[in-house]
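*Asks:* Please find structure29.txt (compact mmCIF, C-alpha atoms) on the next line:
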```txt
# COMPACT_ATOMS: atom_id res chain seq x y z
CA MET A 1 117.39 86.42 124.01
CA HIS A 2 114.28 87.96 122.53
CA LEU A 3 114.51 90.87 120.13
CA ASN A 4 111.12 92.48 119.93
CA PRO A 5 110.28 95.50 117.78
CA GLY A 6 111.29 98.63 119.66
CA SER A 7 113.67 96.84 122.01
CA PHE A 8 117.07 98.34 122.75
CA ILE A 9 119.46 95.64 123.95
CA ALA A 10 123.02 96.26 125.15
CA LEU A 11 125.41 93.33 124.81
CA VAL A 12 128.43 93.62 127.10
CA GLY A 13 131.37 91.46 128.07
CA PRO A 14 135.15 91.30 128.02
CA ASN A 15 137.19 90.90 124.85
CA GLY A 16 136.94 87.36 123.55
CA SER A 17 133.67 86.58 125.35
CA GLY A 18 131.72 85.98 122.11
CA LYS A 19 129.82 89.25 121.66
CA SER A 20 130.74 89.63 118.00
CA THR A 21 130.09 85.95 117.37
CA LEU A 22 126.63 86.30 118.89
CA VAL A 23 125.73 89.31 116.74
CA ARG A 24 127.00 87.50 113.65
CA LEU A 25 124.66 84.63 114.50
CA VAL A 26 121.76 87.01 115.12
CA SER A 27 122.45 88.84 111.85
CA GLY A 28 122.60 85.64 109.81
CA ARG A 29 126.30 85.98 108.93
CA LEU A 30 126.98 82.73 110.80
CA LYS A 31 124.85 79.59 111.09
CA PRO A 32 124.33 78.10 114.55
CA SER A 33 125.81 74.67 115.17
CA LEU A 34 122.89 73.90 117.52
CA GLY A 35 119.48 75.42 117.95
CA VAL A 36 117.53 77.85 115.85
CA ILE A 37 117.60 81.60 115.43
CA GLU A 38 114.28 83.13 114.48
CA ARG A 39 113.99 86.75 113.46
CA THR A 40 111.51 88.95 111.71
CA GLY A 41 112.47 90.01 108.21
CA ASP A 42 115.15 88.66 105.95
CA PRO A 43 118.28 87.78 107.94
CA GLY A 44 120.48 88.89 105.06
CA LEU A 45 122.64 91.83 105.97
CA GLY A 46 121.56 94.87 104.02
CA ALA A 47 118.43 93.21 102.65
CA HIS A 48 115.35 95.43 102.60
CA GLY A 49 113.33 94.88 105.77
CA GLY A 50 115.95 92.60 107.28
CA THR A 51 119.01 93.16 109.39
CA ALA A 52 121.57 95.95 109.16
CA MET A 53 124.90 96.08 110.95
CA VAL A 54 127.09 99.07 111.75
CA ALA A 55 130.64 98.19 112.77
CA GLN A 56 133.34 99.76 114.90
CA ARG A 57 135.34 101.49 112.19
CA PRO A 58 133.11 103.80 110.16
CA GLU A 59 135.70 104.37 107.44
CA SER A 60 135.50 100.68 106.52
CA GLN A 61 131.76 100.99 105.83
CA VAL A 62 131.60 104.17 103.80
CA LEU A 63 131.97 103.50 100.09
CA GLY A 64 130.74 106.63 98.30
CA VAL A 65 132.66 109.78 97.49
CA ARG A 66 129.68 111.94 98.51
CA ALA A 67 127.28 111.26 101.37
CA ARG A 68 124.39 110.89 98.87
CA ASP A 69 126.31 108.22 96.92
CA ASP A 70 127.04 106.24 100.05
CA ILE A 71 123.41 106.01 101.10
CA VAL A 72 122.11 104.76 97.76
CA TRP A 73 125.09 102.48 96.97
CA GLY A 74 123.80 99.05 96.03
CA LEU A 75 120.12 99.90 96.22
CA PRO A 76 117.85 99.00 93.30
CA ALA A 77 116.56 101.96 91.29
CA ASN A 78 113.00 101.27 92.42
CA ARG A 79 113.96 101.57 96.12
CA LEU A 80 115.80 104.86 96.29
CA PRO A 81 115.13 106.60 99.63
CA ASP A 82 114.73 110.27 100.47
CA VAL A 83 118.43 110.88 101.08
CA GLY A 84 117.90 114.30 102.63
CA ALA A 85 115.39 112.94 105.14
CA LEU A 86 117.69 110.05 106.10
CA LEU A 87 120.63 112.38 106.62
CA ALA A 88 118.49 114.74 108.68
CA ARG A 89 117.29 111.82 110.80
CA VAL A 90 120.87 110.97 111.78
CA GLY A 91 121.87 114.59 112.40
CA LEU A 92 123.53 115.26 109.05
CA ALA A 93 121.01 117.63 107.43
CA CYS A 94 122.25 119.21 104.19
CA PHE A 95 125.19 116.77 103.91
CA GLU A 96 124.00 115.19 100.62
CA ASP A 97 126.87 116.63 98.57
CA ARG A 98 129.54 116.59 101.26
CA GLU A 99 132.60 114.52 100.40
CA THR A 100 132.95 111.58 102.75
CA SER A 101 136.72 112.06 102.99
CA GLY A 102 136.15 115.30 104.93
CA LEU A 103 133.76 113.88 107.53
CA SER A 104 134.73 113.33 111.16
CA GLY A 105 134.57 109.88 112.75
CA GLY A 106 131.21 110.61 114.35
CA GLU A 107 129.83 111.98 111.09
CA LEU A 108 131.07 108.90 109.21
CA GLN A 109 129.41 106.65 111.78
CA ARG A 110 126.09 108.50 111.46
CA LEU A 111 126.42 108.27 107.65
CA ALA A 112 126.95 104.50 107.98
CA ILE A 113 123.78 104.33 110.09
CA ALA A 114 121.87 106.38 107.50
CA ALA A 115 123.01 103.97 104.77
CA ALA A 116 121.83 101.06 106.93
CA LEU A 117 118.47 102.78 107.48
CA ALA A 118 118.04 103.19 103.71
CA ARG A 119 117.42 99.42 103.67
CA GLU A 120 114.54 99.87 106.17
CA PRO A 121 115.81 97.16 108.54
CA GLN A 122 113.70 95.66 111.28
CA LEU A 123 116.86 95.00 113.28
CA LEU A 124 119.92 97.23 113.56
CA ILE A 125 123.06 95.77 115.12
CA SER A 126 125.67 98.22 116.37
CA ASP A 127 128.87 96.24 116.90
CA GLU A 128 130.87 98.69 119.02
CA SER A 129 129.93 101.53 116.67
CA THR A 130 130.86 104.12 119.30
CA ALA A 131 134.31 102.73 120.11
CA MET A 132 136.33 104.79 117.63
CA ILE A 133 134.64 108.18 118.01
CA ASP A 134 135.01 111.02 120.51
CA ALA A 135 132.68 111.67 123.46
CA PRO A 136 130.35 114.13 121.65
CA GLY A 137 130.12 111.72 118.69
CA ARG A 138 129.37 108.80 121.03
CA SER A 139 126.60 110.79 122.67
CA GLU A 140 125.05 111.62 119.29
CA VAL A 141 125.20 108.01 118.09
CA MET A 142 123.70 106.72 121.35
CA ALA A 143 120.83 109.22 121.13
CA LEU A 144 120.25 108.08 117.55
CA LEU A 145 120.20 104.39 118.53
CA GLU A 146 117.72 105.17 121.31
CA SER A 147 115.48 107.08 118.91
CA LEU A 148 115.52 104.18 116.43
CA ALA A 149 114.37 101.77 119.14
CA ALA A 150 111.72 104.28 120.24
CA SER A 151 110.43 104.36 116.65
CA GLY A 152 109.90 100.57 116.66
CA MET A 153 113.16 99.15 115.33
CA ALA A 154 114.92 96.45 117.34
CA VAL A 155 118.44 97.62 118.20
CA VAL A 156 121.33 95.56 119.60
CA HIS A 157 124.35 97.59 120.72
CA VAL A 158 127.62 95.86 121.59
CA THR A 159 129.65 98.02 123.97
CA HIS A 160 132.31 98.03 126.68
CA ARG A 161 130.98 101.27 128.15
CA GLU A 162 128.74 100.96 131.22
CA SER A 163 127.23 104.39 130.55
CA GLU A 164 126.04 103.21 127.12
CA ALA A 165 124.71 99.90 128.43
CA ALA A 166 122.74 101.77 131.11
CA ARG A 167 120.77 103.54 128.34
CA ALA A 168 119.41 100.23 126.99
CA ASP A 169 116.13 98.58 127.95
CA GLU A 170 117.95 95.32 128.68
CA VAL A 171 121.61 94.40 129.25
CA ILE A 172 122.91 90.98 128.30
```
Rewrite the structure of this file - the entire thing - as structure tokens.
*Replies:*
Amino acid sequence: MHLNPGSFIALVGPNGSGKSTLVRLVSGRLKPSLGVIERTGDPGLGAHGGTAMVAQRPESQVLGVRARDDIVWGLPANRLPDVGALLARVGLACFEDRETSGLSGGELQRLAIAAALAREPQLLISDESTAMIDAPGRSEVMALLESLAASGMAVVHVTHRESEAARADEVI
């Protein structure tokens, strides 16, 4: 598998087939028992310029009380992003002061993606990030993932949905 800048890869397969294990290897969360995994940027999850991962349940990834707090959580003071621009990029313009407890599942998922983007990753892994949100939310997240790949970021999206996989450049 080759993850080039701007590639949008869909990873599909039945439950238990190893999709999540593969993305953990790609992200650097697991070490391979054989072979080598090479990637651009720091493999550390959440490291600036490295790999970011957005998981299935958005509520497990959102830590801040307000959307603004969630995006900058854990970032060094010298690397604070333009929160408003990040939120606008994911379709949440003017949400800086919104309380995260009042956001829908799709809004929480887009907030989790915005927080990942604050780290300026070269690779974004979406591990079934659309599974727990409604159809309009899924459509918005898929359009966002496509736009990230179009802007030069490598994107890997784990999914069970054929319609989502069909939107990728390559299906594995």
*Asks:* Skipping near chain neighbours, those fewer than 6 positions away, what residues fall within 10 Å of stretch 12-29 of chain A using only C-alpha atoms, listed as a PyMOL selection string?
*Replies:* chain A and resi 1+3+36-39+42-46+50-53+123-128+156-162+164-165+171-172
*Asks:* Between atom CA of A:Ile133 and atom CA of A:Leu86, measure the distance and give it in Å to one decimal.
*Replies:* 20.8 Å
*Asks:* For A:Val65, list every protein, DNA or RNA residue within 10 Å, evaluated using all atoms listed in the file, and leave out those in the same chain fewer than 4 positions away; present the list as a list in words.
*Replies:* Asp69, Asp70, Asp97, Arg98, Glu99, Thr100, Ser101 and Gly102 of chain A
*Asks:* Find the distance between atom CA of A:Arg68 and atom CA of A:Ala93 and write it in Å to one decimal.
*Replies:*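 Separation between atom CA of A:Arg68 and atom CA of A:Ala93: 11.4 Å.
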*Asks:* One decimal, Å: what's the distance from atom CA of A:Gly137 over to atom CA of A:Gly74, could you say?
*Replies:*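 It comes out at 26.7 Å.
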*Asks:* Measuring atom to atom with all atoms listed in the file, identify which of A:Ala116, A:Ser139, A:Thr130, A:Gln122 is nearest to A:Val72.
*Replies:*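 With all atoms listed in the file as the atom set, the closest residue is A:Ala116.
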*Asks:* A:Gly6: which residues within 6 Å, counting only C-alpha atoms, same-chain residues fewer than 5 positions away excluded, as a PyMOL selection string?
*Replies:* chain A and resi 149-150+152-154
*Asks:* Using all atoms listed in the file, which of A:Lys31, A:Glu96, A:Phe8, A:Glu59 sits nearest A:Leu144?
*Replies:* A:Phe8
*Asks:* Taking all atoms listed in the file into account, name the residue in A:Arg119, A:Ala135, A:Ala112, A:Val141 that is nearest to A:Gln61.
*Replies:*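 With all atoms listed in the file as the atom set, the closest residue is A:Ala112.
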*Asks:* Name the closest residue to A:Glu107 among the candidates A:Leu80, A:Leu34, A:Ala10, A:Val62; distances are taken between atoms, counting all atoms listed in the file.
*Replies:*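 When distances to A:Glu107 are compared using all atoms listed in the file, the smallest one comes from A:Val62.
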*Asks:* Name the residues in contact with A:Asp134 at a cut-off of 8 Å, using only C-alpha atoms, excluding same-chain residues fewer than 2 positions from it; report them as a ChimeraX atom specification.
*Replies:* /A:105-106,132,136-138
*Asks:* Go through A:Ala166, A:Leu75, A:Leu63, A:Ala55 one by one, measure the shortest atom-to-atom distance of each to A:Ala118 using all atoms listed in the file, and give the residue with the smallest value.
*Replies:*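 Nearest candidate to A:Ala118 out of A:Ala166, A:Leu75, A:Leu63, A:Ala55: A:Leu75.
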*Asks:* May I ask which of the residues A:Leu148, A:Val83, A:Met142, A:Ile71 is the closest one to A:Leu111, counting all atoms listed in the file?
*Replies:* A:Ile71
